[in-house]
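Colleague: What follows is the file my_file_29.cif, containing mmCIF, C-alpha atoms:
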```cif
data_start
loop_
_atom_site.group_PDB
_atom_site.id
_atom_site.type_symbol
_atom_site.label_atom_id
_atom_site.label_comp_id
_atom_site.auth_asym_id
_atom_site.auth_seq_id
_atom_site.Cartn_x
_atom_site.Cartn_y
_atom_site.Cartn_z
ATOM 1 C CA MET A 1 18.014 -25.536 -1.516
ATOM 2 C CA ALA A 2 15.120 -23.767 -3.205
ATOM 3 C CA GLU A 3 15.686 -20.225 -4.361
ATOM 4 C CA GLY A 4 13.682 -17.518 -2.614
ATOM 5 C CA CYS A 5 10.936 -15.795 -4.569
ATOM 6 C CA ILE A 6 10.917 -12.141 -5.570
ATOM 7 C CA TYR A 7 7.625 -10.285 -5.195
ATOM 8 C CA ILE A 8 7.016 -6.737 -6.379
ATOM 9 C CA TYR A 9 4.262 -4.346 -5.295
ATOM 10 C CA THR A 10 4.175 -1.414 -7.689
ATOM 11 C CA GLY A 11 1.830 1.188 -9.153
ATOM 12 C CA ASP A 12 0.515 4.646 -8.396
ATOM 13 C CA GLY A 13 -2.108 3.466 -5.911
ATOM 14 C CA ARG A 14 -1.916 3.557 -2.145
ATOM 15 C CA GLY A 15 -1.314 0.319 -0.258
ATOM 16 C CA LYS A 16 1.971 -1.133 -1.540
ATOM 17 C CA SER A 17 3.763 -0.875 1.802
ATOM 18 C CA PRO A 18 0.708 -2.041 3.788
ATOM 19 C CA ALA A 19 0.445 -5.063 1.462
ATOM 20 C CA ALA A 20 4.105 -5.880 2.124
ATOM 21 C CA ILE A 21 3.612 -5.454 5.877
ATOM 22 C CA GLY A 22 0.606 -7.770 5.664
ATOM 23 C CA ARG A 23 2.882 -10.392 4.112
ATOM 24 C CA ALA A 24 5.363 -9.755 6.947
ATOM 25 C CA VAL A 25 2.687 -10.406 9.567
ATOM 26 C CA GLN A 26 1.585 -13.537 7.726
ATOM 27 C CA ALA A 27 5.193 -14.795 7.657
ATOM 28 C CA ALA A 28 5.646 -14.036 11.378
ATOM 29 C CA VAL A 29 2.468 -15.966 12.198
ATOM 30 C CA GLU A 30 4.037 -18.913 10.357
ATOM 31 C CA GLY A 31 7.113 -18.649 12.598
ATOM 32 C CA ARG A 32 9.336 -17.019 10.003
ATOM 33 C CA GLN A 33 11.780 -14.154 10.613
ATOM 34 C CA VAL A 34 11.216 -10.890 8.730
ATOM 35 C CA VAL A 35 13.429 -7.863 8.126
ATOM 36 C CA ILE A 36 11.932 -4.652 6.715
ATOM 37 C CA ILE A 37 14.224 -1.916 5.404
ATOM 38 C CA GLN A 38 12.483 1.345 4.496
ATOM 39 C CA PHE A 39 13.852 3.898 2.052
ATOM 40 C CA LEU A 40 12.755 7.411 0.983
ATOM 41 C CA LYS A 41 9.914 7.600 3.500
ATOM 42 C CA GLY A 42 11.160 10.221 5.911
ATOM 43 C CA LYS A 43 10.316 9.051 9.397
ATOM 44 C CA GLY A 44 8.257 6.183 7.972
ATOM 45 C CA LEU A 45 7.215 3.495 10.440
ATOM 46 C CA GLU A 46 10.369 3.671 12.535
ATOM 47 C CA ASP A 47 8.593 4.944 15.645
ATOM 48 C CA SER A 48 5.697 2.541 15.362
ATOM 49 C CA ASP A 49 5.035 0.994 18.769
ATOM 50 C CA PHE A 50 2.973 -1.651 17.007
ATOM 51 C CA LEU A 51 5.834 -2.841 14.820
ATOM 52 C CA ARG A 52 8.274 -2.681 17.745
ATOM 53 C CA ARG A 53 6.001 -5.113 19.600
ATOM 54 C CA MET A 54 6.379 -7.498 16.653
ATOM 55 C CA GLU A 55 10.092 -7.925 17.374
ATOM 56 C CA PRO A 56 12.003 -10.184 17.222
ATOM 57 C CA GLU A 57 9.918 -11.810 14.464
ATOM 58 C CA ILE A 58 9.634 -8.578 12.435
ATOM 59 C CA LYS A 59 12.572 -6.162 12.568
ATOM 60 C CA LEU A 60 12.325 -2.698 11.011
ATOM 61 C CA PHE A 61 15.338 -0.693 9.845
ATOM 62 C CA ARG A 62 15.759 2.744 8.337
ATOM 63 C CA PHE A 63 19.182 4.160 7.498
ATOM 64 C CA GLU A 64 18.178 7.678 6.507
ATOM 65 C CA LYS A 65 18.750 10.196 9.300
ATOM 66 C CA SER A 66 16.301 12.902 8.222
ATOM 67 C CA ASP A 67 12.668 12.805 9.304
ATOM 68 C CA SER A 68 11.734 14.641 6.099
ATOM 69 C CA ASN A 69 10.822 12.983 2.836
ATOM 70 C CA PHE A 70 13.904 12.595 0.600
ATOM 71 C CA ALA A 71 12.401 14.666 -2.235
ATOM 72 C CA GLU A 72 11.975 17.668 0.102
ATOM 73 C CA LEU A 73 15.612 17.763 1.271
ATOM 74 C CA PRO A 74 18.154 20.368 0.115
ATOM 75 C CA GLU A 75 20.840 18.990 -2.235
ATOM 76 C CA GLU A 76 23.555 18.787 0.460
ATOM 77 C CA LYS A 77 21.305 16.741 2.753
ATOM 78 C CA LYS A 78 20.306 14.523 -0.181
ATOM 79 C CA GLN A 79 23.969 13.638 -0.753
ATOM 80 C CA GLU A 80 24.347 12.677 2.929
ATOM 81 C CA GLU A 81 21.198 10.583 2.764
ATOM 82 C CA ILE A 82 22.352 8.853 -0.431
ATOM 83 C CA GLN A 83 25.356 7.533 1.504
ATOM 84 C CA ASN A 84 23.052 6.424 4.342
ATOM 85 C CA ILE A 85 20.771 4.710 1.811
ATOM 86 C CA ARG A 86 23.727 2.903 0.251
ATOM 87 C CA ASN A 87 24.671 1.726 3.761
ATOM 88 C CA GLY A 88 21.118 0.346 3.981
ATOM 89 C CA ILE A 89 21.622 -1.546 0.724
ATOM 90 C CA GLY A 90 24.884 -2.937 2.135
ATOM 91 C CA PHE A 91 23.003 -4.052 5.239
ATOM 92 C CA ALA A 92 20.364 -5.723 3.055
ATOM 93 C CA LYS A 93 23.125 -7.649 1.279
ATOM 94 C CA LYS A 94 24.513 -8.782 4.653
ATOM 95 C CA VAL A 95 21.030 -9.890 5.747
ATOM 96 C CA LEU A 96 20.641 -11.941 2.565
ATOM 97 C CA THR A 97 24.113 -13.482 2.539
ATOM 98 C CA THR A 98 23.887 -14.549 6.195
ATOM 99 C CA GLY A 99 20.339 -15.911 5.825
ATOM 100 C CA GLU A 100 19.281 -13.782 8.798
ATOM 101 C CA CYS A 101 15.618 -13.842 7.807
ATOM 102 C CA ASN A 102 13.105 -15.773 5.720
ATOM 103 C CA LEU A 103 11.519 -12.638 4.234
ATOM 104 C CA LEU A 104 13.261 -9.351 3.416
ATOM 105 C CA ILE A 105 11.106 -6.367 2.505
ATOM 106 C CA LEU A 106 12.856 -3.518 0.693
ATOM 107 C CA ASP A 107 10.222 -0.822 1.007
ATOM 108 C CA GLU A 108 10.467 1.873 -1.717
ATOM 109 C CA VAL A 109 13.646 0.322 -3.162
ATOM 110 C CA LEU A 110 12.233 0.816 -6.681
ATOM 111 C CA GLY A 111 12.313 4.561 -5.992
ATOM 112 C CA LEU A 112 16.071 4.309 -5.396
ATOM 113 C CA VAL A 113 16.509 3.034 -8.954
ATOM 114 C CA GLU A 114 14.122 5.663 -10.342
ATOM 115 C CA LYS A 115 16.097 8.451 -8.611
ATOM 116 C CA ASP A 116 19.469 6.978 -9.728
ATOM 117 C CA ILE A 117 20.565 6.420 -6.125
ATOM 118 C CA ILE A 118 21.302 2.794 -6.985
ATOM 119 C CA THR A 119 21.507 1.097 -10.374
ATOM 120 C CA VAL A 120 19.481 -1.804 -11.694
ATOM 121 C CA ASP A 121 22.715 -3.829 -11.617
ATOM 122 C CA THR A 122 23.180 -3.030 -7.906
ATOM 123 C CA LEU A 123 19.671 -4.299 -7.227
ATOM 124 C CA LYS A 124 20.242 -7.417 -9.371
ATOM 125 C CA THR A 125 23.494 -8.178 -7.521
ATOM 126 C CA LEU A 126 21.704 -7.767 -4.204
ATOM 127 C CA LEU A 127 18.891 -10.114 -5.227
ATOM 128 C CA GLU A 128 21.375 -12.751 -6.405
ATOM 129 C CA CYS A 129 22.493 -13.093 -2.745
ATOM 130 C CA ARG A 130 19.030 -14.133 -1.569
ATOM 131 C CA GLY A 131 19.540 -17.885 -1.333
ATOM 132 C CA ASP A 132 16.224 -19.257 -0.052
ATOM 133 C CA THR A 133 15.069 -15.894 1.373
ATOM 134 C CA ASP A 134 11.941 -14.410 -0.178
ATOM 135 C CA VAL A 135 12.238 -10.718 -1.073
ATOM 136 C CA ILE A 136 9.508 -8.115 -1.523
ATOM 137 C CA LEU A 137 10.306 -4.914 -3.430
ATOM 138 C CA THR A 138 7.947 -1.940 -3.357
ATOM 139 C CA GLY A 139 7.815 1.321 -5.287
ATOM 140 C CA ILE A 140 5.728 3.369 -7.667
ATOM 141 C CA THR A 141 7.791 2.937 -10.834
ATOM 142 C CA LEU A 142 8.881 -0.440 -12.169
ATOM 143 C CA ASN A 143 11.179 -0.784 -15.137
ATOM 144 C CA ASP A 144 11.290 -3.821 -17.405
ATOM 145 C CA GLU A 145 14.782 -4.911 -16.301
ATOM 146 C CA ILE A 146 13.573 -5.313 -12.723
ATOM 147 C CA CYS A 147 10.160 -6.671 -13.683
ATOM 148 C CA VAL A 148 11.694 -9.730 -15.366
ATOM 149 C CA LEU A 149 13.500 -10.660 -12.125
ATOM 150 C CA ALA A 150 10.227 -11.093 -10.235
ATOM 151 C CA ASP A 151 8.288 -14.267 -9.641
ATOM 152 C CA GLU A 152 5.151 -12.221 -9.017
ATOM 153 C CA VAL A 153 4.261 -8.572 -9.696
ATOM 154 C CA SER A 154 1.221 -6.932 -8.135
ATOM 155 C CA LYS A 155 0.185 -3.592 -9.595
ATOM 156 C CA ILE A 156 -1.769 -1.401 -7.225
ATOM 157 C CA GLU A 157 -3.764 1.331 -8.924
ATOM 158 C CA THR A 158 -6.091 4.038 -7.743
ATOM 159 C CA VAL A 159 -9.413 3.763 -9.513
ATOM 160 C CA LYS A 160 -11.813 6.647 -9.120
ATOM 161 C CA PHE A 161 -15.513 5.960 -9.352
ATOM 162 C CA LYS A 162 -17.948 8.627 -10.399
ATOM 163 C CA VAL A 163 -21.036 8.815 -8.265
ATOM 164 C CA TRP A 164 -24.069 8.570 -10.508
ATOM 165 C CA ASP A 165 -26.860 11.121 -10.081
#
```
As a first step, turn the structure in this file into structure tokens.
Modeller:
Amino acid sequence: MAEGCIYIYTGDGRGKSPAAIGRAVQAAVEGRQVVIIQFLKGKGLEDSDFLRRMEPEIKLFRFEKSDSNFAELPEEKKQEEIQNIRNGIGFAKKVLTTGECNLLILDEVLGLVEKDIITVDTLKTLLECRGDTDVILTGITLNDEICVLADEVSKIETVKFKVWD
């Protein structure tokens, strides 16, 4: 059995999550099953009628209860959400160990490492369960320990162009 690939979309530019969702659509067109788990995005895409119409090929999950962005929450709410997020990581592990999908997208999971919600070792352990499932990780900040795990890293940057007079 071939091992699934790990893809990372990182950088300060806009478009990491849309790039991952594009890969999800591409996989669904090919008849593959996709699970997307979103972290740190507040309400995110959870209420998207469009993505709901993509089920059962593309399933979207979010374990955080607050509609607000994680960074904007008071400390007490952050602690509650950290437990919810860790439940999401547990669910991701279950998805990988059962082979429930062909592509798992962990949207903003790199931010969980950056904010010390999960450790690099937790992420490594999770990825070791992937079997032949491909995994996409997204997030702004990428550290070297995670970078070396990837088969492919795409850096998305914002480039500003000056209009010439």
Colleague: Between atom CA of A:Arg130 and atom CA of A:Glu81, what distance in Å does the model show, to one decimal?
Modeller: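 Atom CA of A:Glu81 lies at a distance of 25.2 Å from atom CA of A:Arg130.
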Colleague: What does the distance between atom CA of A:Cys5 and atom CA of A:Asp134 come to in Å, to one decimal place?
Modeller: 4.7 Å
Colleague: Please, what is the axis-aligned box for every listed atom of stretch 28-37 of chain A with 5 Å on each side, as centre and edge lengths in Å to one decimal, as JSON?
Modeller:
```
{"center_x": 8.3, "center_y": -10.4, "center_z": 9.0, "size_x": 21.8, "size_y": 27.0, "size_z": 17.2}
```
Colleague: Can you work out the spacing between atom CA of A:Pro74 and atom CA of A:Ile146 in Å, to one decimal?
Modeller: 29.1 Å
Colleague: Name all residues at most 10 Å from stretch 8-20 of chain A (count all atoms listed in the file; drop same-chain ones fewer than 3 positions away) and give them as a ChimeraX atom specification.
Modeller: /A:23-26,36,38,104-108,110,135-142,146-147,149-159
Colleague: Here is a test: counting all atoms listed in the file, which residue of A:Asn84, A:Gln33, A:Thr97, A:Thr133 is nearest to A:Glu55?
Modeller: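 Using all atoms listed in the file, the shortest distance to A:Glu55 belongs to A:Gln33.
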Colleague: Can you turn the PyMOL selection byres ((chain A and resi 32) around 10) into a concrete residue list for this file, as a list of chain:residue names?
Modeller: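 This file gives the following for the PyMOL selection byres ((chain A and resi 32) around 10): A:Ala24, A:Val25, A:Gln26, A:Ala27, A:Ala28, A:Val29, A:Glu30, A:Gly31, A:Gln33, A:Val34, A:Glu57, A:Ile58, A:Cys101, A:Asn102, A:Leu103.
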Colleague: When distances are computed from all atoms listed in the file, which of A:Phe70, A:Lys78, A:Arg53, A:Lys93 shows the smallest separation from A:Gly131?
Modeller: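 Closest to A:Gly131 of all the choices is A:Lys93.
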Colleague: Spell out the residues picked by the PyMOL selection byres ((chain A and resi 61) around 10) here, as a PyMOL selection string.
Modeller: chain A and resi 35-39+45-46+59-60+62-64+88+91-92+106
Colleague: Taking only C-alpha atoms into account, which of A:Asp132, A:Asp144, A:Asp49, A:Glu75 comes nearest A:Glu3?
Modeller: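 Ranking A:Asp132, A:Asp144, A:Asp49, A:Glu75 by distance to A:Glu3, first place goes to A:Asp132.
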Colleague: Quick one: which residues end up in the PyMOL selection byres ((chain A and resi 71) around 12) for this structure, as a ChimeraX atom specification?
Modeller: /A:39-42,66-70,72-75,77-79,81-82,111-112,115
Colleague: Which one of A:Asn87, A:Ile118, A:Thr98, A:Ile21 sits closest to A:Met54 if you count all atoms listed in the file?
Modeller: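 Smallest separation from A:Met54 among the options: A:Ile21.
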